[in-house]
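Trainee: One file is attached below, coords21.cif, containing mmCIF, C-alpha atoms and all ligand atoms.
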data_final
#
loop_
_atom_site.label_atom_id
_atom_site.label_comp_id
_atom_site.auth_asym_id
_atom_site.auth_seq_id
_atom_site.Cartn_x
_atom_site.Cartn_y
_atom_site.Cartn_z
CA MET A 1 1.07 16.52 -15.93
CA LYS A 2 -0.02 17.17 -12.34
CA VAL A 3 -0.90 14.26 -10.04
CA LEU A 4 -2.65 14.65 -6.69
CA VAL A 5 -1.42 12.03 -4.22
CA THR A 6 -3.74 11.58 -1.26
CA GLY A 7 -1.92 10.06 1.72
CA GLY A 8 1.38 11.00 0.05
CA CYS A 9 3.22 11.30 3.38
CA GLY A 10 2.51 7.65 4.20
CA TYR A 11 4.59 4.55 3.55
CA ILE A 12 3.55 3.66 -0.01
CA GLY A 13 2.49 7.20 -0.96
CA SER A 14 5.92 8.69 -0.17
CA HIS A 15 7.72 6.11 -2.32
CA THR A 16 5.25 6.73 -5.12
CA CYS A 17 5.84 10.50 -4.93
CA VAL A 18 9.56 9.81 -5.49
CA GLU A 19 8.85 7.69 -8.57
CA LEU A 20 6.37 10.26 -9.93
CA LEU A 21 8.86 13.12 -9.54
CA ASP A 22 11.67 11.03 -11.05
CA SER A 23 9.37 10.33 -14.00
CA GLY A 24 8.74 14.04 -14.59
CA TYR A 25 5.26 14.46 -13.04
CA ASP A 26 4.31 17.45 -10.88
CA VAL A 27 3.12 16.23 -7.49
CA VAL A 28 0.58 17.68 -5.07
CA VAL A 29 0.15 15.86 -1.74
CA VAL A 30 -2.88 16.06 0.54
CA ASP A 31 -2.39 14.29 3.87
CA ASN A 32 -3.83 15.01 7.32
CA LEU A 33 -0.76 13.40 8.97
CA SER A 34 -2.98 11.05 10.99
CA ASN A 35 -0.42 8.29 10.37
CA SER A 36 2.63 10.14 9.07
CA LYS A 37 4.89 13.15 9.57
CA GLU A 38 5.36 16.29 7.52
CA ASP A 39 9.16 15.87 7.32
CA VAL A 40 8.53 13.10 4.79
CA ILE A 41 7.93 15.88 2.26
CA ASP A 42 11.47 17.24 2.86
CA LYS A 43 12.84 13.74 2.45
CA ILE A 44 11.02 13.22 -0.85
CA GLU A 45 12.45 16.55 -2.02
CA THR A 46 15.97 15.59 -0.86
CA ILE A 47 15.85 12.28 -2.72
CA THR A 48 14.50 13.73 -5.96
CA GLY A 49 15.86 17.27 -5.91
CA LYS A 50 12.34 18.41 -6.87
CA LYS A 51 9.58 20.32 -5.09
CA VAL A 52 6.31 18.88 -3.80
CA LYS A 53 3.25 21.02 -3.11
CA PHE A 54 1.92 19.89 0.27
CA TYR A 55 -1.51 20.52 1.84
CA LYS A 56 -2.08 19.35 5.41
CA GLU A 57 -5.78 18.66 5.04
CA ASP A 58 -8.34 15.96 5.64
CA ILE A 59 -9.78 14.70 2.36
CA CYS A 60 -13.18 14.53 4.04
CA ASN A 61 -13.14 18.35 4.06
CA LYS A 62 -14.97 19.05 0.81
CA ASP A 63 -14.55 22.83 0.85
CA LYS A 64 -10.79 22.51 1.22
CA MET A 65 -10.61 19.83 -1.46
CA ASN A 66 -12.57 22.09 -3.80
CA GLU A 67 -10.12 24.92 -3.14
CA ILE A 68 -7.17 22.63 -3.86
CA PHE A 69 -8.69 21.41 -7.12
CA THR A 70 -9.51 24.97 -8.15
CA SER A 71 -6.01 26.30 -7.53
CA GLU A 72 -3.98 23.27 -8.65
CA LYS A 73 -5.69 22.09 -11.88
CA ILE A 74 -5.16 18.41 -11.11
CA ASP A 75 -4.93 15.99 -14.08
CA ALA A 76 -5.10 12.67 -12.20
CA VAL A 77 -5.29 11.32 -8.65
CA ILE A 78 -3.60 8.46 -6.81
CA HIS A 79 -5.69 7.75 -3.74
CA PHE A 80 -3.71 6.17 -0.88
CA ALA A 81 -5.28 7.98 2.09
CA GLY A 82 -7.10 5.78 4.54
CA PHE A 83 -6.73 3.76 7.71
CA LYS A 84 -5.17 0.33 7.22
CA ALA A 85 -4.82 -1.66 10.45
CA VAL A 86 -6.93 -4.82 10.34
CA GLY A 87 -7.14 -5.36 14.13
CA GLU A 88 -7.99 -1.73 14.83
CA SER A 89 -10.74 -1.88 12.21
CA VAL A 90 -12.38 -4.75 14.13
CA ALA A 91 -12.26 -2.70 17.34
CA LYS A 92 -13.30 0.61 15.72
CA PRO A 93 -15.38 -0.24 12.64
CA LEU A 94 -17.23 3.09 12.50
CA MET A 95 -13.97 5.01 12.49
CA TYR A 96 -12.78 2.88 9.56
CA TYR A 97 -15.99 3.13 7.55
CA ARG A 98 -16.22 6.87 8.22
CA ASN A 99 -12.66 7.70 7.25
CA ASN A 100 -12.10 5.33 4.33
CA ILE A 101 -15.52 5.64 2.69
CA ASP A 102 -16.24 9.29 3.47
CA SER A 103 -12.84 10.45 2.22
CA THR A 104 -13.25 8.51 -1.02
CA LEU A 105 -16.80 9.77 -1.68
CA THR A 106 -15.72 13.35 -1.02
CA LEU A 107 -12.69 12.97 -3.27
CA LEU A 108 -14.74 11.47 -6.11
CA GLU A 109 -17.43 14.16 -5.84
CA VAL A 110 -14.82 16.91 -6.01
CA MET A 111 -13.04 15.21 -8.92
CA LYS A 112 -16.33 14.97 -10.80
CA GLU A 113 -17.14 18.62 -10.17
CA HIS A 114 -13.73 19.59 -11.55
CA ASN A 115 -13.98 17.17 -14.48
CA CYS A 116 -10.91 15.27 -13.30
CA LYS A 117 -11.82 11.65 -14.05
CA LYS A 118 -8.57 9.69 -13.83
CA ILE A 119 -7.91 7.82 -10.62
CA VAL A 120 -5.63 5.06 -9.33
CA PHE A 121 -6.93 3.46 -6.13
CA SER A 122 -5.03 1.51 -3.44
CA SER A 123 -6.94 -1.69 -2.88
CA SER A 124 -5.58 -4.81 -1.24
CA ALA A 125 -5.25 -8.56 -1.63
CA THR A 126 -7.44 -8.68 1.47
CA VAL A 127 -10.47 -8.42 -0.89
CA TYR A 128 -9.82 -12.04 -1.95
CA GLY A 129 -10.44 -13.33 1.59
CA LYS A 130 -9.42 -16.98 1.77
CA PRO A 131 -8.63 -17.91 -1.86
CA ALA A 132 -9.76 -21.35 -3.07
CA SER A 133 -6.57 -21.86 -5.08
CA LEU A 134 -3.27 -20.16 -5.95
CA PRO A 135 -2.02 -18.05 -7.61
CA ILE A 136 -4.78 -15.48 -7.24
CA THR A 137 -6.05 -13.91 -10.47
CA GLU A 138 -8.08 -10.71 -10.60
CA ASP A 139 -11.31 -12.55 -11.44
CA PHE A 140 -11.29 -14.59 -8.20
CA PRO A 141 -14.42 -14.19 -6.04
CA LEU A 142 -14.23 -11.35 -3.54
CA GLN A 143 -15.02 -11.66 0.16
CA THR A 144 -13.80 -9.86 3.24
CA THR A 145 -13.19 -10.90 6.82
CA ASN A 146 -12.80 -7.57 8.63
CA PRO A 147 -14.07 -3.97 8.41
CA TYR A 148 -10.83 -2.70 6.87
CA GLY A 149 -11.15 -5.19 4.03
CA SER A 150 -14.82 -4.33 3.65
CA THR A 151 -13.97 -0.65 3.14
CA LYS A 152 -11.64 -1.66 0.29
CA LEU A 153 -14.30 -3.85 -1.31
CA MET A 154 -16.98 -1.16 -0.91
CA ILE A 155 -14.74 1.43 -2.54
CA GLU A 156 -14.11 -0.95 -5.44
CA MET A 157 -17.91 -1.26 -5.82
CA ILE A 158 -18.35 2.52 -5.66
CA LEU A 159 -15.75 2.95 -8.39
CA ASN A 160 -17.45 0.29 -10.53
CA ASP A 161 -20.82 2.01 -10.19
CA LEU A 162 -19.26 5.38 -10.93
CA TYR A 163 -17.79 4.06 -14.17
CA ILE A 164 -21.11 2.48 -15.18
CA SER A 165 -22.80 5.86 -14.67
CA ASP A 166 -20.20 7.74 -16.69
CA ASN A 167 -17.86 6.01 -19.15
CA ASP A 168 -15.62 9.06 -19.25
CA TRP A 169 -13.81 7.87 -16.11
CA SER A 170 -10.45 6.08 -16.22
CA ILE A 171 -9.98 3.97 -13.12
CA ALA A 172 -7.20 1.58 -12.10
CA ILE A 173 -7.75 -0.48 -8.97
CA LEU A 174 -4.45 -1.84 -7.64
CA ARG A 175 -4.61 -4.81 -5.28
CA TYR A 176 -1.36 -4.82 -3.32
CA PHE A 177 -0.01 -8.00 -1.78
CA ASN A 178 2.48 -7.52 1.11
CA PRO A 179 4.63 -4.40 0.64
CA ILE A 180 7.88 -4.32 2.63
CA GLY A 181 11.31 -2.71 2.35
CA ALA A 182 12.24 0.93 1.98
CA HIS A 183 13.89 3.40 -0.37
CA LYS A 184 17.63 2.73 -0.91
CA SER A 185 18.50 6.13 0.56
CA GLY A 186 17.14 5.05 3.95
CA LEU A 187 15.31 8.40 4.13
CA ILE A 188 11.77 7.03 3.73
CA GLY A 189 10.31 3.73 4.87
CA GLU A 190 7.73 2.17 7.14
CA ASN A 191 7.73 3.38 10.71
CA PRO A 192 4.57 2.35 12.56
CA ASN A 193 3.86 3.74 16.02
CA GLY A 194 3.67 1.27 18.90
CA ILE A 195 3.73 -2.49 18.50
CA PRO A 196 3.53 -3.44 14.83
CA ASN A 197 0.93 -5.86 13.47
CA ASN A 198 2.74 -6.76 10.27
CA LEU A 199 5.64 -9.16 10.00
CA MET A 200 8.49 -7.04 8.64
CA PRO A 201 8.02 -4.03 10.97
CA TYR A 202 7.94 -6.50 13.87
CA ILE A 203 11.13 -8.29 12.72
CA VAL A 204 12.88 -4.95 12.41
CA LYS A 205 11.95 -3.93 15.96
CA VAL A 206 13.17 -7.27 17.33
CA ALA A 207 16.45 -6.95 15.42
CA ASN A 208 16.76 -3.42 16.82
CA LYS A 209 16.16 -4.79 20.35
CA GLU A 210 13.07 -2.59 20.83
CA LEU A 211 11.04 -5.80 21.19
CA GLN A 212 12.33 -9.00 22.75
CA GLU A 213 11.25 -11.69 20.32
CA LEU A 214 8.99 -12.32 17.37
CA SER A 215 5.96 -14.56 17.76
CA VAL A 216 5.57 -16.75 14.68
CA PHE A 217 1.84 -17.35 14.33
CA GLY A 218 1.56 -21.09 13.71
CA ASN A 219 3.85 -23.71 12.17
CA ASP A 220 1.17 -26.25 11.26
CA TYR A 221 -0.05 -24.72 7.99
CA ASP A 222 0.07 -26.73 4.81
CA THR A 223 3.13 -24.83 3.51
CA ILE A 224 6.82 -25.49 2.85
CA ASP A 225 7.77 -25.31 6.56
CA GLY A 226 4.37 -24.98 8.23
CA THR A 227 4.49 -21.18 8.62
CA GLY A 228 2.32 -18.74 6.67
CA VAL A 229 3.27 -17.90 3.09
CA ARG A 230 2.80 -14.44 1.56
CA ASP A 231 3.73 -12.53 -1.58
CA TYR A 232 6.11 -9.85 -0.29
CA ILE A 233 6.80 -7.00 -2.70
CA HIS A 234 9.43 -4.28 -2.44
CA VAL A 235 7.71 -0.93 -1.88
CA VAL A 236 9.79 0.67 -4.65
CA ASP A 237 8.57 -1.93 -7.16
CA LEU A 238 5.05 -1.27 -5.91
CA ALA A 239 5.54 2.48 -6.33
CA LYS A 240 6.71 1.94 -9.91
CA GLY A 241 3.49 0.02 -10.59
CA HIS A 242 1.63 3.28 -9.90
CA ILE A 243 3.53 5.06 -12.66
CA LYS A 244 2.40 2.36 -15.09
CA ALA A 245 -1.16 2.69 -13.78
CA ILE A 246 -1.10 6.48 -14.22
CA GLU A 247 0.13 5.99 -17.79
CA LYS A 248 -2.72 3.55 -18.38
CA VAL A 249 -5.49 5.80 -17.00
CA THR A 250 -4.04 8.71 -18.96
CA LYS A 251 -4.19 6.72 -22.18
CA ASP A 252 -7.41 4.69 -21.90
CA LYS A 253 -10.86 5.15 -20.40
CA GLY A 254 -12.40 2.28 -18.47
CA ILE A 255 -12.07 0.50 -15.15
CA ASP A 256 -9.74 -2.39 -14.41
CA LYS A 257 -8.13 -4.20 -11.50
CA TYR A 258 -4.54 -5.37 -11.21
CA ASN A 259 -2.67 -7.48 -8.69
CA LEU A 260 0.63 -5.95 -7.66
CA GLY A 261 2.84 -8.67 -6.20
CA THR A 262 5.86 -10.69 -7.26
CA GLY A 263 3.97 -13.91 -7.88
CA LYS A 264 6.27 -15.71 -5.43
CA GLY A 265 5.42 -16.83 -1.91
CA TYR A 266 7.80 -16.86 1.06
CA SER A 267 7.15 -18.36 4.48
CA VAL A 268 7.61 -16.53 7.77
CA LEU A 269 10.70 -18.63 8.55
CA GLN A 270 12.16 -17.94 5.10
CA ILE A 271 11.76 -14.22 5.72
CA ILE A 272 13.33 -14.42 9.18
CA ASN A 273 16.27 -16.44 7.89
CA THR A 274 16.86 -14.17 4.90
CA PHE A 275 16.71 -11.10 7.15
CA LYS A 276 19.25 -12.65 9.53
CA THR A 277 21.62 -13.67 6.73
CA VAL A 278 21.65 -10.50 4.65
CA ASN A 279 21.88 -8.20 7.65
CA ASN A 280 24.05 -10.44 9.81
CA ILE A 281 21.85 -9.88 12.84
CA ASP A 282 19.87 -12.14 15.14
CA VAL A 283 16.05 -12.21 15.22
CA PRO A 284 14.95 -14.32 18.21
CA TYR A 285 11.54 -15.92 17.71
CA LYS A 286 9.16 -18.43 19.22
CA ILE A 287 6.34 -20.41 17.63
CA VAL A 288 2.91 -19.56 19.05
CA ASP A 289 -0.69 -20.37 18.09
CA ARG A 290 -2.11 -19.33 14.75
CA ARG A 291 -3.41 -15.73 14.56
CA PRO A 292 -7.21 -15.78 14.18
CA GLY A 293 -8.30 -14.91 10.65
CA ASP A 294 -4.92 -15.72 9.02
CA ILE A 295 -4.82 -17.81 5.87
CA ASP A 296 -2.13 -20.39 5.12
CA ALA A 297 -0.83 -19.02 1.85
CA CYS A 298 -1.44 -16.16 -0.56
CA TYR A 299 0.37 -15.08 -3.69
CA ALA A 300 -0.57 -13.25 -6.86
CA SER A 301 -0.82 -14.05 -10.49
CA THR A 302 0.96 -11.02 -11.92
CA LYS A 303 0.15 -11.84 -15.54
CA LYS A 304 -2.38 -9.07 -16.01
CA ALA A 305 -0.10 -6.36 -14.60
CA ASN A 306 2.76 -7.76 -16.72
CA ASP A 307 0.70 -7.90 -19.93
CA VAL A 308 -1.54 -4.85 -19.66
CA LEU A 309 0.54 -2.42 -17.58
CA ASN A 310 3.91 -3.72 -18.80
CA TRP A 311 5.02 -3.86 -15.16
CA HIS A 312 6.76 -6.51 -13.16
CA ALA A 313 8.50 -6.52 -9.80
CA GLU A 314 12.29 -6.62 -10.04
CA LEU A 315 13.63 -6.60 -6.51
CA GLU A 316 14.20 -9.84 -4.63
CA ILE A 317 13.49 -10.77 -1.05
CA GLU A 318 17.14 -10.13 -0.06
CA GLU A 319 16.87 -6.48 -1.13
CA MET A 320 13.56 -6.12 0.70
CA CYS A 321 15.16 -7.36 3.95
CA ARG A 322 18.32 -5.29 3.46
CA ASP A 323 16.47 -2.07 2.70
CA ALA A 324 14.03 -2.49 5.61
CA TRP A 325 17.00 -2.76 8.01
CA ASN A 326 18.94 0.06 6.32
CA PHE A 327 15.98 2.39 6.95
CA VAL A 328 16.08 1.63 10.68
CA ASN A 329 19.83 2.12 10.88
CA LYS A 330 19.65 5.47 9.13
CA ASN A 331 16.85 6.69 11.43
CA ARG A 332 17.96 5.74 14.93
P1 LIG A 401 -0.03 4.80 5.61
O1 LIG A 401 -0.86 4.81 6.82
O2 LIG A 401 1.45 4.83 5.78
O3 LIG A 401 -0.44 5.99 4.63
C1 LIG A 401 -1.75 6.47 4.55
C2 LIG A 401 -1.68 7.99 4.65
O4 LIG A 401 -3.00 8.52 4.54
C3 LIG A 401 -1.10 8.48 5.98
O5 LIG A 401 -0.04 9.40 5.72
C4 LIG A 401 -2.29 9.17 6.66
O6 LIG A 401 -1.87 10.27 7.45
C5 LIG A 401 -3.14 9.58 5.48
N1 LIG A 401 -4.59 9.72 5.75
C6 LIG A 401 -5.42 8.81 6.32
N2 LIG A 401 -6.69 9.29 6.34
C7 LIG A 401 -6.65 10.52 5.75
C8 LIG A 401 -7.64 11.52 5.48
N3 LIG A 401 -8.92 11.35 5.81
N4 LIG A 401 -7.24 12.66 4.87
C9 LIG A 401 -5.94 12.85 4.53
N5 LIG A 401 -4.97 11.94 4.77
C10 LIG A 401 -5.32 10.80 5.38
O7 LIG A 401 -0.45 3.52 4.76
P2 LIG A 401 0.28 2.81 3.53
O8 LIG A 401 0.86 1.53 4.01
O9 LIG A 401 1.11 3.78 2.81
O10 LIG A 401 -1.00 2.42 2.66
C11 LIG A 401 -1.49 3.27 1.66
C12 LIG A 401 -2.77 2.69 1.10
O11 LIG A 401 -2.51 1.39 0.61
C13 LIG A 401 -3.90 2.54 2.11
O12 LIG A 401 -5.12 2.85 1.49
C14 LIG A 401 -3.84 1.08 2.48
O13 LIG A 401 -5.09 0.60 2.91
C15 LIG A 401 -3.41 0.45 1.18
N6 LIG A 401 -2.73 -0.84 1.35
C16 LIG A 401 -1.64 -0.93 2.19
C17 LIG A 401 -1.00 -2.16 2.37
C18 LIG A 401 0.16 -2.30 3.32
O14 LIG A 401 0.48 -3.43 3.72
N7 LIG A 401 0.86 -1.22 3.69
C19 LIG A 401 -1.47 -3.28 1.69
C20 LIG A 401 -2.58 -3.14 0.83
C21 LIG A 401 -3.19 -1.92 0.68
C1 LIG A 402 2.38 -11.94 7.22
C2 LIG A 402 2.67 -13.34 7.77
C3 LIG A 402 1.40 -13.89 9.72
C4 LIG A 402 3.24 -10.90 12.33
C5 LIG A 402 -1.94 -7.81 6.29
C6 LIG A 402 -3.35 -7.36 6.07
C7 LIG A 402 -3.62 -7.15 4.62
C8 LIG A 402 -2.58 -6.23 3.98
C9 LIG A 402 -1.18 -6.64 4.32
C10 LIG A 402 -3.46 -4.01 3.89
C11 LIG A 402 1.42 -14.11 8.21
C12 LIG A 402 2.87 -13.82 10.04
C13 LIG A 402 2.91 -11.69 11.25
C14 LIG A 402 3.88 -11.50 13.45
C15 LIG A 402 3.84 -13.61 12.30
N1 LIG A 402 -2.70 -4.87 4.42
N2 LIG A 402 3.20 -13.01 11.23
N3 LIG A 402 4.17 -12.84 13.39
O1 LIG A 402 -1.67 -10.80 7.42
O2 LIG A 402 -0.66 -11.18 5.12
O3 LIG A 402 -1.74 -9.05 5.61
O4 LIG A 402 -1.06 -6.84 5.73
O5 LIG A 402 -4.24 -4.13 3.00
O6 LIG A 402 -4.89 -6.62 4.52
O7 LIG A 402 -4.23 -8.36 6.59
O8 LIG A 402 0.43 -9.56 6.67
O9 LIG A 402 2.53 -8.92 7.77
O10 LIG A 402 0.47 -9.26 9.20
O11 LIG A 402 1.57 -11.24 8.16
O12 LIG A 402 4.13 -14.82 12.31
O13 LIG A 402 4.18 -10.87 14.47
O14 LIG A 402 3.48 -13.20 8.94
O15 LIG A 402 0.78 -14.94 10.41
O16 LIG A 402 1.64 -15.45 7.89
P1 LIG A 402 -0.97 -10.27 6.25
P2 LIG A 402 1.27 -9.65 8.01
#
Could you write out this structure as structure tokens?

Mentor:
Amino acid sequence: MKVLVTGGCGYIGSHTCVELLDSGYDVVVVDNLSNSKEDVIDKIETITGKKVKFYKEDICNKDKMNEIFTSEKIDAVIHFAGFKAVGESVAKPLMYYRNNIDSTLTLLEVMKEHNCKKIVFSSSATVYGKPASLPITEDFPLQTTNPYGSTKLMIEMILNDLYISDNDWSIAILRYFNPIGAHKSGLIGENPNGIPNNLMPYIVKVANKELQELSVFGNDYDTIDGTGVRDYIHVVDLAKGHIKAIEKVTKDKGIDKYNLGTGKGYSVLQIINTFKTVNNIDVPYKIVDRRPGDIDACYASTKKANDVLNWHAELEIEEMCRDAWNFVNKNR
């Protein structure tokens, strides 16, 4: 079975390509390298000992996408490609709406034309906005607080409408919580350019002495130690969730949404302390004001993914911290 992975050179896409290849799927990647590098393909091939067919293309290019679908005979798609930085989306909303929506519409049109109607889509816990209670189940009300989140919600709506129009589609919407960590080999991981926005990439750069100290955004939340609580999930566990989702869309028609998280929440200070302990390295930090738009706590109910997809996260926070640091050490 041949799976097209859009954005397959990126952080989550690359780990998913490894799991797909290890599970016996043929993999075709389309990525325009706007936030990744082509050598990721070599690394995926080194880890798995298998070949990946790579196209450096923009998914918004319909002619090229048509050519790829014609020559590759794609059975199913995992759609990761898109821009993902919340702050940048506030500053450049049109760029976010254009890239994330346009690429998805083009992809879906081409899939329809080629009668390929199985898709797994990367959504985000950001579609829950500020949840009224915890843990978050898939039927919670949806609301967004920034253009990035709105693109995810709009794409979910587009996929819903598409399914209503044609019940032949099989669609799995995966709402990721906070992916961190890296592949055990240290060959692939998260490597953002410039100053990171997210917690783990920032911690790693402080530990590596590229940045002086971490700013902890607020210690007056109603949480275990006052700092923000999130559901961090190892990227390899997350990648494995995509294999289960591909199995599901291959087997059953329909549209459904699944939270992919661990179901456990950790505070910023718990993450810092675990990182320091397992890696035996210092992470200097200071407490600063809350970051605008942040919520106090967020973690998933994973029951639906457990029950319906037969998936659950296995790796603990210690492995997430260890593997994130191992990736940096192997790539100095
Ligand atoms: P990433 O930026 O590492 O990967 C995205 C990839 O898509 C990049 O390689 C980029 O070059 C490519 N891309 C972007 N626009 C493209 C286009 N028009 N045509 C072709 N390629 C294009 O991001 P990631 O962390 O791997 O995230 C993957 C997906 O998961 C995204 O849709 C993101 O919104 C979603 N997501 C990520 C997180 C997270 O914390 N990392 C959380 C929830 C959801
Ligand atoms: C985690 C915690 C911060 C940085 C974002 C997106 C979301 C999703 C995942 C894509 C919070 C604190 C952070 C720092 C800190 N991405 N923090 N100092 O905000 O949960 O979610 O990434 O879909 O859409 O919004 O993740 O890693 O930014 O923050 O104290 O320098 O760490 O306040 O409590 P977040 P994050």

Trainee: Using only C-alpha atoms and all ligand atoms, what does the table of chain A residues within 7 Å of ligand LIG 401 (chain A) look like, with each row giving the shortest atom pair and its distance in Å to one decimal, sorted by chain and ascending number, as a Markdown table?

Mentor:
| residue | atom | partner | partner_atom | distance |
| --- | --- | --- | --- | --- |
| A:Thr6 | CA | A:LIG401 | N5 | 6.2 |
| A:Gly7 | CA | A:LIG401 | O4 | 3.4 |
| A:Gly8 | CA | A:LIG401 | O5 | 6.1 |
| A:Cys9 | CA | A:LIG401 | O5 | 4.4 |
| A:Gly10 | CA | A:LIG401 | O2 | 3.4 |
| A:Tyr11 | CA | A:LIG401 | O9 | 3.6 |
| A:Ile12 | CA | A:LIG401 | O9 | 3.7 |
| A:Gly13 | CA | A:LIG401 | O9 | 5.3 |
| A:Val30 | CA | A:LIG401 | C9 | 6.0 |
| A:Asp31 | CA | A:LIG401 | N5 | 3.6 |
| A:Asn32 | CA | A:LIG401 | C9 | 4.1 |
| A:Leu33 | CA | A:LIG401 | O6 | 3.7 |
| A:Ser34 | CA | A:LIG401 | O6 | 3.8 |
| A:Asn35 | CA | A:LIG401 | O6 | 3.8 |
| A:Ser36 | CA | A:LIG401 | O5 | 4.3 |
| A:Glu57 | CA | A:LIG401 | C9 | 5.8 |
| A:Asp58 | CA | A:LIG401 | N4 | 3.6 |
| A:Ile59 | CA | A:LIG401 | N4 | 4.1 |
| A:Cys60 | CA | A:LIG401 | N3 | 5.6 |
| A:Phe80 | CA | A:LIG401 | C12 | 4.1 |
| A:Ala81 | CA | A:LIG401 | O4 | 3.4 |
| A:Gly82 | CA | A:LIG401 | C6 | 3.9 |
| A:Phe83 | CA | A:LIG401 | C6 | 5.4 |
| A:Lys84 | CA | A:LIG401 | O13 | 4.3 |
| A:Asn99 | CA | A:LIG401 | N3 | 5.4 |
| A:Asn100 | CA | A:LIG401 | N3 | 7.0 |
| A:Ser103 | CA | A:LIG401 | N3 | 5.4 |
| A:Ser122 | CA | A:LIG401 | O11 | 4.8 |
| A:Ser123 | CA | A:LIG401 | C21 | 5.2 |
| A:Ser124 | CA | A:LIG401 | C20 | 4.0 |
| A:Ala125 | CA | A:LIG401 | C20 | 6.5 |
| A:Arg175 | CA | A:LIG401 | C20 | 6.7 |
| A:Tyr176 | CA | A:LIG401 | C20 | 4.6 |
| A:Phe177 | CA | A:LIG401 | C19 | 6.0 |
| A:Asn178 | CA | A:LIG401 | O14 | 5.2 |
| A:Pro179 | CA | A:LIG401 | O14 | 5.3 |
| A:Glu190 | CA | A:LIG401 | O2 | 7.0 |

Trainee: Please check which protein, DNA or RNA residues sit within 6 Å of ligand LIG 402 (chain A), counting only C-alpha atoms and all ligand atoms, and write them as a PyMOL selection string.

Mentor: chain A and resi 84+86+124+126+178+197-199+202+214-217+228-230+268+291+294

Trainee: For Glu316 in chain A, please output as a PDB file with C-alpha atoms, in the frame of the given file all residues within 12 Å (counting all atoms listed in the file; exclusion window: fewer than 4 positions along the same chain).

Mentor:
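Result written to part_20.pdb:
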ATOM      1  CA  ILE A 180       7.880  -4.320   2.630  1.00  0.00           C
ATOM      2  CA  GLY A 181      11.310  -2.710   2.350  1.00  0.00           C
ATOM      3  CA  ASP A 231       3.730 -12.530  -1.580  1.00  0.00           C
ATOM      4  CA  TYR A 232       6.110  -9.850  -0.290  1.00  0.00           C
ATOM      5  CA  ILE A 233       6.800  -7.000  -2.700  1.00  0.00           C
ATOM      6  CA  HIS A 234       9.430  -4.280  -2.440  1.00  0.00           C
ATOM      7  CA  VAL A 235       7.710  -0.930  -1.880  1.00  0.00           C
ATOM      8  CA  VAL A 236       9.790   0.670  -4.650  1.00  0.00           C
ATOM      9  CA  ASP A 237       8.570  -1.930  -7.160  1.00  0.00           C
ATOM     10  CA  GLY A 261       2.840  -8.670  -6.200  1.00  0.00           C
ATOM     11  CA  THR A 262       5.860 -10.690  -7.260  1.00  0.00           C
ATOM     12  CA  GLY A 263       3.970 -13.910  -7.880  1.00  0.00           C
ATOM     13  CA  LYS A 264       6.270 -15.710  -5.430  1.00  0.00           C
ATOM     14  CA  GLY A 265       5.420 -16.830  -1.910  1.00  0.00           C
ATOM     15  CA  TYR A 266       7.800 -16.860   1.060  1.00  0.00           C
ATOM     16  CA  ILE A 271      11.760 -14.220   5.720  1.00  0.00           C
ATOM     17  CA  THR A 274      16.860 -14.170   4.900  1.00  0.00           C
ATOM     18  CA  VAL A 278      21.650 -10.500   4.650  1.00  0.00           C
ATOM     19  CA  HIS A 312       6.760  -6.510 -13.160  1.00  0.00           C
ATOM     20  CA  MET A 320      13.560  -6.120   0.700  1.00  0.00           C
ATOM     21  CA  CYS A 321      15.160  -7.360   3.950  1.00  0.00           C
ATOM     22  CA  ARG A 322      18.320  -5.290   3.460  1.00  0.00           C
ATOM     23  CA  ASP A 323      16.470  -2.070   2.700  1.00  0.00           C
TER      24      ASP A 323
END

Trainee: Which residue gives the smallest distance to Leu211 in chain A among A:Val328, A:Val90, A:Val283, A:Ala182, with only C-alpha atoms counted?

Mentor: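 Distance minimum relative to Leu211 in chain A lands on A:Val283.
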
Trainee: Have a look at CA of Lys253 in chain A and CA of Lys118 in chain A and let me know their distance in Å, one decimal.

Mentor: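 A separation of 8.3 Å between them.
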